[in-house]
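See below for the structure under consideration.
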Amino acid sequence: MTTDNSRMWQELGIDLKSHDVLMNTLGPIYQETYLSQEDRPKGMGFFDFVVGDIHGIRVRELTEHAKQGGKVVATYCVFVPEEIVWAAGGIPVGLCAGAQFSVPMAEEYLPRNTCALIKSSFGFKLGRVCPYVQTSHLIVGETTCDGKKKMFELLGKYQPVYVMEVPNKKTQRSRDLWLGEVHAFKDVIEKLTRNSVSVEKLREAIGLVNERRRALQRLQNLRKTRPSPISGKDALLVTQVSFYDDVKRCTQMVNTLCDELDERVVVGKGVAPADAPRILVSGSPMAIPNWKLHHILETAGAIVVGEESCTGTRHFTGTVEIGNDGLDSQIKALADRYMNIHCACFTPNDERLDDVVTLARDLQADGVIHYNLQFCHTYANEAVKVEDRLEKEGIPLLRIETDYSDEDAGQLRTRIEAFLEMVKRGVRRS
Ligand code: BJ8
């Protein structure tokens, strides 16, 4: 830790003692999960560096931006249209909330039977251990699930919070409501930044975020090859970093990584044997440093080839298509693209079932793991439909419900190894 960083954190109101403990736990986890992998692409060096300095350089960029009068807008959900923030000269940051570290802090206030993502988010604010939260001028929440919705009310006691209303259905009435919400969000951001969102600025921002989506789609497509040129852990990390790194730099780094992976594909170089079971993970998002499931799977001999989740395809599928019309039509295009995110908060949400099947086929997945954060009722209930659908399609599925702690790691490993054995028998038969 540099003295400069310490000073910066102190100025941001970070609890330095607690923060030291957090940083000291992250290092060994990263070493064991990531740096112990063999033959990683060189392009992962950038992402290692970003995580190695997770509360350093990027936070400094944000604080510099704030010193110049710029605003930082924090988000927890892929429904918040970041293009509007960029277009108004702000910087959006997707907050992580994937650490067990802050969960006990939150449990002093929130019911224990709340999902780990919500508890982790709230605990980070209570414990003052996240410089990204501390740097933010506004936290933008959404009404995607009851737990989050009520947590945002409590969070408002500590920091300015604005909540977007995400509808629960995809009818025309719901779409109209959402369009109104995106317009209202623009007004809020314009007021915060004191900049107006112009046609030109929004076009530029849409272009930048689209480019990042395309780069992440390119990475996803490379994972279709057998053997996969990159581990699931590394690909997940790239997506996680894309939530808070600078949009242009991140796009460039993902494309550089993909250039290297292209070469690997040409010579048939993979990170696991060609016959390693290929697994698609579907369900709740996995924020940094939640690498638990991928680590168990890949140290048990499988390769994760995709994530049907908000730290996967739901984050980067589909671009915002705009023509040469004015601002209203750009906002409409934004609203349309975001309404195509198939989160379990929607009813019905059959599009997600189609997505899981299509992805499993495209990625040549031998099996699917439905990953559910404990106490997340929307995904837990939807898992029943996913299971039915995959059974009809003949795709093996394992349902897992877990949290951020390591208490169930042994039990999970046993269940996963048994599932992989079953999948392997199927692969050998085919
Ligand atoms: S669009 S998945 S990022 S809401 S917080 S719903 S795990 S109980 S995160 Fe999400 Fe947006 Fe949907 Fe994606 Fe469940 Fe926990 Fe709620 Fe959660």
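Identifiers in this document derive from the order of the structure tokens: chains are assigned A, B, ..., residues are numbered from 1 separately in each chain, and ligands are numbered from 1 in order of occurrence.
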Contact residues around Arg58 of chain A with only C-alpha atoms at 10 Å, ignoring same-chain residues under 3 positions, as a ChimeraX atom specification: /A:50,53-55,61-64,131-132,244-246
Selection as a VMD selection string: residues within 7 Å of ligand 1 by only C-alpha atoms and all ligand atoms: chain A and resid 76 to 79 115 to 118 144 to 148 284 to 285 309 to 310 341 343 to 345 373 375 to 379
Exercise: Asn24 of chain A partners within 12 Å, only C-alpha atoms, chain neighbours under 6 positions left out, as number ranges by chain: A: 1, 17-18, 30-31, 52, 101
Long-range neighbours of Gly156 of chain A as JSON, numbers by chain, 12 Å cut-off, only C-alpha atoms, 3 positions minimum in chain: {"A": [122, 125, 126, 138, 139, 140, 141, 149, 150, 151, 152, 153, 159, 160, 161, 162, 163]}
Same residues, C-alpha atoms, saved as a PDB file, in the first residue's frame:
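File written: result22.pdb
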```pdb
ATOM      1  CA  PHE A 122     -24.923  -2.591   2.393  1.00  0.00           C
ATOM      2  CA  LYS A 125     -21.226   1.271   2.999  1.00  0.00           C
ATOM      3  CA  LEU A 126     -21.684   0.634   6.726  1.00  0.00           C
ATOM      4  CA  LEU A 138     -25.099   9.287  -6.403  1.00  0.00           C
ATOM      5  CA  ILE A 139     -26.027   5.625  -6.011  1.00  0.00           C
ATOM      6  CA  VAL A 140     -28.617   4.448  -8.507  1.00  0.00           C
ATOM      7  CA  GLY A 141     -30.776   1.555  -7.389  1.00  0.00           C
ATOM      8  CA  LYS A 149     -35.639  -2.140  -3.125  1.00  0.00           C
ATOM      9  CA  LYS A 150     -35.878  -1.922   0.654  1.00  0.00           C
ATOM     10  CA  MET A 151     -32.089  -1.913   1.121  1.00  0.00           C
ATOM     11  CA  PHE A 152     -31.862   1.180  -1.085  1.00  0.00           C
ATOM     12  CA  GLU A 153     -34.235   2.968   1.299  1.00  0.00           C
ATOM     13  CA  GLN A 159     -25.575   8.559   0.746  1.00  0.00           C
ATOM     14  CA  PRO A 160     -27.771  10.114  -1.974  1.00  0.00           C
ATOM     15  CA  VAL A 161     -29.722   7.331  -3.673  1.00  0.00           C
ATOM     16  CA  TYR A 162     -32.021   7.431  -6.702  1.00  0.00           C
ATOM     17  CA  VAL A 163     -34.147   4.406  -7.575  1.00  0.00           C
TER      18      VAL A 163
END
```
Minimum-distance residue to Ala74 of chain A, chosen among A:Trp291, A:Phe243, A:Trp178, A:Phe49 (using only C-alpha atoms): A:Phe243
Separation of atom CA of Arg60 of chain A from atom CA of Lys201 of chain A in Å: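 Between these atoms lies a distance of 24.6 Å.
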May I have a table of the residues of segment 281-330 of chain A lying at most 12 Å from segment 388-400 of chain A, giving each one's closest pair of atoms and their distance in Å to one decimal, counting only C-alpha atoms, ordered by chain and ascending residue number, as CSV?
```
residue,atom,partner,partner_atom,distance
A:Val281,CA,A:Leu398,CA,9.7
A:Ser282,CA,A:Arg399,CA,9.6
A:Gly283,CA,A:Ile400,CA,9.7
A:Ser284,CA,A:Ile400,CA,10.7
A:Lys292,CA,A:Ile400,CA,12.0
A:Leu293,CA,A:Ile400,CA,9.3
```
Alpha helix (DSSP H) residues, from DSSP on the backbone, in segment 312-421 of chain A, as a PyMOL selection string: chain A and resi 313-316+327-338+350-362+377-393+409-421
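Excluding Leu208 of chain A itself and any same-chain residue fewer than 6 positions from it, the protein and nucleic acid residues within 9 Å of it, counting only C-alpha atoms, are Glu83, Val247, Lys248 and Thr251 of chain A.
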Would you mind exporting all heavy atoms of the selected residues as an mmCIF file, in the first residue's frame?
```cif
data_model
loop_
_atom_site.group_PDB
_atom_site.id
_atom_site.type_symbol
_atom_site.label_atom_id
_atom_site.label_comp_id
_atom_site.auth_asym_id
_atom_site.auth_seq_id
_atom_site.Cartn_x
_atom_site.Cartn_y
_atom_site.Cartn_z
ATOM 1 N N GLU A 83 -24.950 4.763 -20.550
ATOM 2 C CA GLU A 83 -24.665 5.692 -21.646
ATOM 3 C C GLU A 83 -25.063 7.122 -21.267
ATOM 4 O O GLU A 83 -24.402 8.095 -21.658
ATOM 5 C CB GLU A 83 -25.447 5.281 -22.906
ATOM 6 C CG GLU A 83 -24.986 3.979 -23.560
ATOM 7 C CD GLU A 83 -25.686 2.731 -23.016
ATOM 8 O OE1 GLU A 83 -26.222 2.791 -21.885
ATOM 9 O OE2 GLU A 83 -25.665 1.705 -23.715
ATOM 10 N N VAL A 247 -14.240 2.857 -20.030
ATOM 11 C CA VAL A 247 -14.886 2.104 -21.109
ATOM 12 C C VAL A 247 -13.976 1.932 -22.337
ATOM 13 O O VAL A 247 -13.894 0.838 -22.916
ATOM 14 C CB VAL A 247 -16.264 2.721 -21.463
ATOM 15 C CG1 VAL A 247 -16.169 4.149 -21.935
ATOM 16 C CG2 VAL A 247 -17.016 1.883 -22.477
ATOM 17 N N LYS A 248 -13.230 2.989 -22.693
ATOM 18 C CA LYS A 248 -12.374 2.883 -23.896
ATOM 19 C C LYS A 248 -11.199 1.947 -23.635
ATOM 20 O O LYS A 248 -10.871 1.093 -24.451
ATOM 21 C CB LYS A 248 -11.801 4.270 -24.236
ATOM 22 C CG LYS A 248 -12.674 5.101 -25.119
ATOM 23 C CD LYS A 248 -11.865 6.298 -25.607
ATOM 24 C CE LYS A 248 -12.805 7.355 -26.114
ATOM 25 N NZ LYS A 248 -12.206 8.672 -26.227
ATOM 26 N N THR A 251 -12.276 -1.705 -23.482
ATOM 27 C CA THR A 251 -12.566 -2.259 -24.821
ATOM 28 C C THR A 251 -11.268 -2.649 -25.522
ATOM 29 O O THR A 251 -11.142 -3.740 -26.090
ATOM 30 C CB THR A 251 -13.314 -1.206 -25.674
ATOM 31 O OG1 THR A 251 -14.483 -0.810 -24.962
ATOM 32 C CG2 THR A 251 -13.704 -1.752 -27.025
#
```
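The nearest approach to Ala88 of chain A among the residues A:Lys170, A:Arg194, A:His65, A:Lys119, with only C-alpha atoms taken into account, belongs to A:Arg194.
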